[in-house]
Amino acid sequence: MNGEELTEQETALYDRQIRVWGVDAQRRLSKSHIFVSGLKGTAVEFCKNIVLAGVGSLTLNDDNPVTAEALAANFLIPFDENMGGGGSLAELCCDSLKDFNPMVHVSVEKGDLSSFGVDFFEKFDVVVINCCLLAAKKSVNEKCRKLSKRVAFYSVDCRDSCGEIFVDLQKYCYAKKKIDETVECQLQYPSFEEAIAIPWRSLPKRMSKLYFAMRVVERFEEVEKRKPGETSIADMANVLKLRNELCLAHSLNESQIPDTLLERLVVSTKEFPPVSAVLGGILGQEVIKAISGKGDPLKNFFFFDAVDGKGVIEDISTSTP
Amino acid sequence: MASGEQLSAIKDAKVLMVGAGGIGCELLKTLALSGFQDIHIIDMDTIEVSNLNRQFLFRQSHVGQSKAKVAREAVLRFRPQISITPYHANVKDPDFNVDFFKQFNVILNGLDNLDARRHVNRLCLAAGVPLVESGTTGFLGQVTVHIKGQTECYECQPKPAPKTYPVCTITSTPSKFVHCIVWAKDLLFAKLFGDKNQDNDLNVRSNDTASSSDNSEDVFERKKDEDMEQYANRIYNHVFGHNIESALSNEETWKNRNKPRPIYVKDVLTDEPLQQLNGNLETDNNNFSTLSAMSYLGLKNPQDIWSLKENSRVFFAALKLFFSKRHKEIGNLSFDKDDHMAVEFVTAAANIRAASFGIPLHSLFEAKGIAGNIVHAVATTNAIIAGLIVIEAIKVLQNDAKNCRMTYCLEHPARKMLLMPVEPFEPNKSCYVCSETPLLLEVNTKRAKLRDVVEKVVTSKLGMNLPLISHGLNLLYEVGDDLEEDMVANYEANLEKVLSELPYAITGGTVITVEDLQQELVCSINIKHREEFDEEKEPDGMVLHGWTQAPAVEKKDAAATNGASTSTTSNSVPNNLEDDDDLTILESGVETISSGKKRKLSDVSNPEEKRAKKVPEQIDDDIVMLDDISKENENSR
Ligand SMILES: [Zn+2]
């Protein structure tokens with residue numbers, strides 16, 4: 001066995017999952033460093049999953065104070081710690097997560113996400129941002145791409161009972177298991193900016209409607225200079241107007257972005273906990289795959305809507321699908 | 001977030017969770033976050049270290065405590081205002097009867113074994129309460145909704161057949177490592193450390209039965225003047241040397257097989273005095289939990305595959321440790337995968353036997369997985385499945401049955417989907433559980449005793465807990481706490497009677513009624529007399545038709561028949577997925593290797609995986625595939 005072996009304690013704790021992904025993967029996990037910004041319910045679910053999986057370190061970033069709403073979606077913060085506690089969301093989550101798995105180093109990074117330069121991200125193997133504006137998604141993704149080492153970038157959003165995950169593994173090679181052999185596979189991912197710039201009409205048919213709807217809402221928040229999720233029913237008229245403009249520009253039939261779907265995203269911006277659990281689980285699995293190099297990684301969008309119950313992967317990239 | 005309608009359905013609901021393990025922890029958390037106010041939770045298990053990597057409500061300091069109770073406390077920390085009622089108990093306890101189930105709006109299963117799932121299914125049917133059933137293994141999982149009269153019940157589809165191995169495969173002609181594990185665990189370990197009085201087919205049957213049977217009984221008994229060294233050597237030479245030699249003498253057996261090689265101590269351990277080990281063993285402390293043959297021998301990595309020599313050294317060290325440090329337990333031990341020394345012993349013995357038969361050796365880690373039938377488990381799948389359970393539960397609570405879905409969580413996308421919902425199946429009209437279709441039992445009524453029918457059919461196959469058997473209006477047998485003494489004696493006497501000689505004789509053409517008062521399940525069984533049964537293919541000496549196991553499977557050669565791998569169960573993912581917990585693993589596969597005795601083991605290879613990989617092949621068109629699935633499903637009935 002090359003490299004360090006797992007300790008007896010690790011072998012005992014991780015016994016069941018080593019049976020799923022093997023010792024090598026577990027060793028790689030324990031050496032990986034993860035950064036998460038934005039600690040809404042979905043990110044919290046994700047953090048729980050990867051701390052349990054046994055990553056090397058997890059760095060949390062969210063300076064927001066604890067509000068009643070944040071508390072409602074967060075199982076990491078004990079109730080009696082209530083709003084007056086003074087700690088930031090990241091600080092309070094950090095305390096709980098440490099407790100989940102003493103073998104994972106959990107820490108807090110203060111500061112605004114936009115203030116972190118390219119060098120900052122070099123410490124990490126994986127960067128996850130939750131519930132961020134369009135500009136932040138683009139810029140953090142670009143910073144990760146500027147580094148010489150590969151930093152995997154993920155963004156995740158949950159609104160109402162809908163969710164979206166975006167993945168950028170840049171150039172990713174992995175061993176794909178076929179029935180009797182293993183083949184080297186290479187995937188080329190576009191950045192978030194590149195992916196969403198692809199004209200809608202050139203996308204595959206039967207694209208998840210949620211993809212378009214999320215782009216409309218995202219664009220709306222940017223144009224109106226809103227914070228993520230700061231929308232209400234009063235905005236519907238303008239959102240629909242924007243939808244029509246975008247559809248016209250992209251030659252897409254407006255029926256592809258139904259009013260009812262947009263209304264769900266605009267009006268009830270809170271996360272639906274079961275959907276957060278689903279998204280946090282899928283995202284956790286993907287990050288584990290990317291770190292361990294085992295399993296086919298998701299390329300490059302994942303959508304889930306509790307209304308139809310489908311969890312769909314869409315490949316939205318410049319290269320031919 | 002949820003609509004107002006949803007919220008009120010959630011707030012008013014009273015739900016019962018069965019299981020506080022991998023799925024249960026996630027489920028309880030998600031229910032609490034989603035606004036559920038009144039949650040009851042049953043789990044008989046206590047917390048173990050290997051749970052901590054995914055059952056996130058538990059900490060190291062909770063090891064040994066009730067899962068249901070600790071889970072409640074953990075969730076109340078972030079949701080103190082809700083009501084959680086824990087029961088540290090078996091869901092099969094009589095307290096959890098139909099009336100108990102009736103108080104809930106929906107039952108949510110996060111169980112890990114077939115037996116409990118069937119029991120809960122019946123109570124839900126009897127109480128008329130919808131059931132959301134779930135299971136995971138590795139990256140695969142599934143959630144199913146069962147509503148009486150509207151969807152199939154949990155038992156409408158055939159369950160995978162228990163894995164069975166013919167006795168002779170285990171005792172004489174192993175060809176796979178799992179056969180060696182079964183031998184080491186169920187025969188050798190049981191013989192050395194378990195109940196001496198149990199039947200045990202450890203000794204190879206050779207032609208000269210008369211001569212060997214005299215000695216064989218004594219072989220495993222340590223003689224008065226025998227020191228540990230001599231005893232251990234004798235056992236080793238007997239089971240790996242002498243037994244193989246006598247098997248070889250039966251030439252017929254080896255005509256078309258590779259001959260095994262007898263292994264004696266002197267062949268393997270030539271250059272080291274074993275006494276050395278004795279010295280070490282004596283001086284060390286008596287801390288039971290840290291006892292380990294591996295650590296005495298300086299073997300560290302459970303992933304390493306030991307040589308024959310190393311396995312032999314582990315065999316000796318473990319055997320001696322049991323006799324010197326755990327002497328009091330000898331005679332009462334049964335294999336437990338959490339007993340490290342037991343795992344060491346079984347790994348070593350299985351590997352030595354494998355070496356004898358030219359079967360590749362395995363690491364302790366692998367052997368433990370096979371011997372303990374450990375179900376693979378990861379946190380993420382449990383989290384996803386728990387989320388899906390809550391989504392379905394909310395639909396059920398809103399009486400929105402038509403939108404309920406059965407959802408598969410796949411490892412590889414099928415038609416772009418990682419989470420694939422399909423419409424629930426209709427009830428199976430010939431299901432003996434949810435429809436009243438009679439069963440047919442072929443049995444030799446002049447030879448089989450009532451006890452045989454009770455043990456082999458009523459409790460094991462039909463999964464009844466408190467059975468009552470009657471012939472017309474006449475009671476033949478009943479189990480219960482409140483019975484009169486003379487009735488108990490009467491029933492005991494009936495058990496020992498041959499069917500045709502019972503006070504109300506059961507013969508060909510008789511219809512008997514079998515019911516379970518707790519499950520409120522009633523079955524009619526038509527009796528058909530049959531003289532002969534094939535010992536290998538029909539080891540029960542009777543055949544039950546119309547029971548949920550596919551008949552095709554029963555007819556196959558009993559050799560390593562695995563119902564899960566037959567095409568009839570290609571769509572039965574729900575049935576064989578397991579949650580990860582431990583005690584229950586025993587239940588997931590019942591294997592018969594000697595007549596009338598149940599043994600436990602099931603396949604570690606994963607039938608779901610094959611299925612999941614199969615799905616993408618059918619990708620072409622959305623609708624076609626769903627049709628295929630339901631057709632396949634109908635065909636299988
Ligand atoms: Zn049924």
# chains A, B, ... in the order shown; residues from 1 in each chain; ligands from 1
>>> residues_around(residues="Ala70 in chain A", least_positions_apart="4", cutoff="8 Å", atoms="only C-alpha atoms", output="PyMOL selection string")
chain A and resi 40-41+66+74
>>> residues_around(residues="Leu439 in chain B", least_positions_apart="6", cutoff="8 Å", atoms="only C-alpha atoms", output="ChimeraX atom specification")
/B:432,523-526,544-547
>>> residues_around(residues="Gly281 in chain A", least_positions_apart="3", cutoff="7 Å", atoms="only C-alpha atoms", output="ChimeraX atom specification")
/A:46,49,277-278,284-285 /B:380-381,383-384
>>> residues_around(residues="Lys11 in chain B", least_positions_apart="5", cutoff="9 Å", atoms="only C-alpha atoms", output="PyMOL selection string")
chain B and resi 6+35-38
>>> write_last_selection(atoms="C-alpha atoms", output="compact mmCIF listing (two decimals), in the first residue's frame")
# COMPACT_ATOMS: atom_id res chain seq x y z
CA GLN B 6 -49.27 21.61 2.41
CA GLY B 35 -42.64 21.47 10.00
CA PHE B 36 -43.91 18.11 11.23
CA GLN B 37 -45.07 18.46 14.83
CA ASP B 38 -45.94 14.98 16.03
>>> residues_near_ligand(ligand="ligand 1", cutoff="6 Å", atoms="only C-alpha atoms and all ligand atoms", output="PyMOL selection string")
chain B and resi 152-153+155-156+427-428+431+433-434
>>> write_last_selection(atoms="all heavy atoms", output="compact mmCIF listing (two decimals), in the first residue's frame")
# COMPACT_ATOMS: atom_id res chain seq x y z
N GLU B 152 -49.92 -1.37 -5.25
CA GLU B 152 -49.46 -2.66 -4.78
C GLU B 152 -49.04 -2.53 -3.31
O GLU B 152 -48.69 -1.45 -2.85
CB GLU B 152 -48.27 -3.13 -5.60
CG GLU B 152 -47.07 -2.18 -5.49
CD GLU B 152 -45.83 -2.70 -6.19
OE1 GLU B 152 -45.89 -3.80 -6.76
OE2 GLU B 152 -44.80 -2.01 -6.15
N CYS B 153 -49.10 -3.63 -2.60
CA CYS B 153 -48.58 -3.62 -1.24
C CYS B 153 -47.12 -4.06 -1.30
O CYS B 153 -46.62 -4.46 -2.35
CB CYS B 153 -49.40 -4.52 -0.31
SG CYS B 153 -48.99 -6.28 -0.32
N GLU B 155 -45.77 -6.61 -0.41
CA GLU B 155 -45.55 -8.04 -0.70
C GLU B 155 -46.21 -8.50 -2.00
O GLU B 155 -46.27 -9.70 -2.26
CB GLU B 155 -46.01 -8.88 0.49
CG GLU B 155 -45.17 -8.59 1.71
CD GLU B 155 -45.66 -9.30 2.96
OE1 GLU B 155 -45.31 -10.46 3.16
OE2 GLU B 155 -46.42 -8.68 3.74
N CYS B 156 -46.70 -7.56 -2.80
CA CYS B 156 -47.34 -7.95 -4.05
C CYS B 156 -46.36 -8.55 -5.04
O CYS B 156 -46.73 -9.34 -5.89
CB CYS B 156 -48.01 -6.74 -4.70
SG CYS B 156 -49.68 -6.44 -4.09
N PRO B 427 -52.36 -2.99 -7.32
CA PRO B 427 -52.27 -4.17 -6.44
C PRO B 427 -52.26 -5.45 -7.28
O PRO B 427 -52.93 -5.53 -8.30
CB PRO B 427 -53.53 -4.09 -5.59
CG PRO B 427 -54.03 -2.69 -5.72
CD PRO B 427 -53.56 -2.18 -7.05
N ASN B 428 -51.52 -6.41 -6.84
CA ASN B 428 -51.46 -7.71 -7.49
C ASN B 428 -52.68 -8.53 -7.02
O ASN B 428 -52.81 -8.82 -5.84
CB ASN B 428 -50.15 -8.39 -7.09
CG ASN B 428 -50.05 -9.81 -7.62
OD1 ASN B 428 -50.96 -10.31 -8.29
ND2 ASN B 428 -48.93 -10.45 -7.32
N CYS B 431 -52.11 -11.56 -4.84
CA CYS B 431 -51.24 -11.42 -3.67
C CYS B 431 -51.94 -12.00 -2.44
O CYS B 431 -53.06 -11.61 -2.14
CB CYS B 431 -50.92 -9.94 -3.45
SG CYS B 431 -50.05 -9.58 -1.92
N VAL B 433 -51.32 -11.52 0.54
CA VAL B 433 -51.35 -10.59 1.67
C VAL B 433 -52.47 -9.56 1.51
O VAL B 433 -53.26 -9.35 2.42
CB VAL B 433 -49.99 -9.89 1.85
CG1 VAL B 433 -50.05 -8.89 3.00
CG2 VAL B 433 -48.91 -10.91 2.10
N CYS B 434 -52.53 -8.90 0.35
CA CYS B 434 -53.51 -7.82 0.23
C CYS B 434 -54.76 -8.23 -0.55
O CYS B 434 -55.72 -7.47 -0.64
CB CYS B 434 -52.87 -6.55 -0.32
SG CYS B 434 -52.34 -6.64 -2.03
>>> closest_residue(among="A:Lys209, A:Arg16, A:Arg27, A:Lys177", to="chain B", atoms="only C-alpha atoms")
A:Arg16
>>> interface_residues(of="chain B", to="chain A", cutoff="8 Å", atoms="only C-alpha atoms", output="JSON, numbers by chain")
{"B": [1, 2, 29, 30, 33, 34, 49, 50, 51, 52, 53, 54, 56, 59, 75, 77, 78, 79, 80, 138, 374, 375, 376, 377, 378, 379, 380, 381, 383, 384, 385, 386, 387, 388, 390, 391, 405, 407, 412, 413, 416, 417, 418, 419, 420, 421]}
>>> residues_around(residues="Asp338 in chain B", least_positions_apart="5", cutoff="10 Å", atoms="only C-alpha atoms", output="PyMOL selection string")
chain B and resi 48-50+343+368+372+582
>>> residues_around(residues="Phe345 in chain B", least_positions_apart="3", cutoff="8 Å", atoms="only C-alpha atoms", output="ChimeraX atom specification")
/B:189,314-315,318-319,341-342,348-349
>>> closest_residue(among="B:Val98, B:Ala317, B:Ala74, B:Ile305", to="Phe365 in chain B", atoms="only C-alpha atoms")
B:Ile305
>>> atom_distance(atom1="CA of Val18 in chain B", atom2="CA of Cys404 in chain B")
20.2 Å
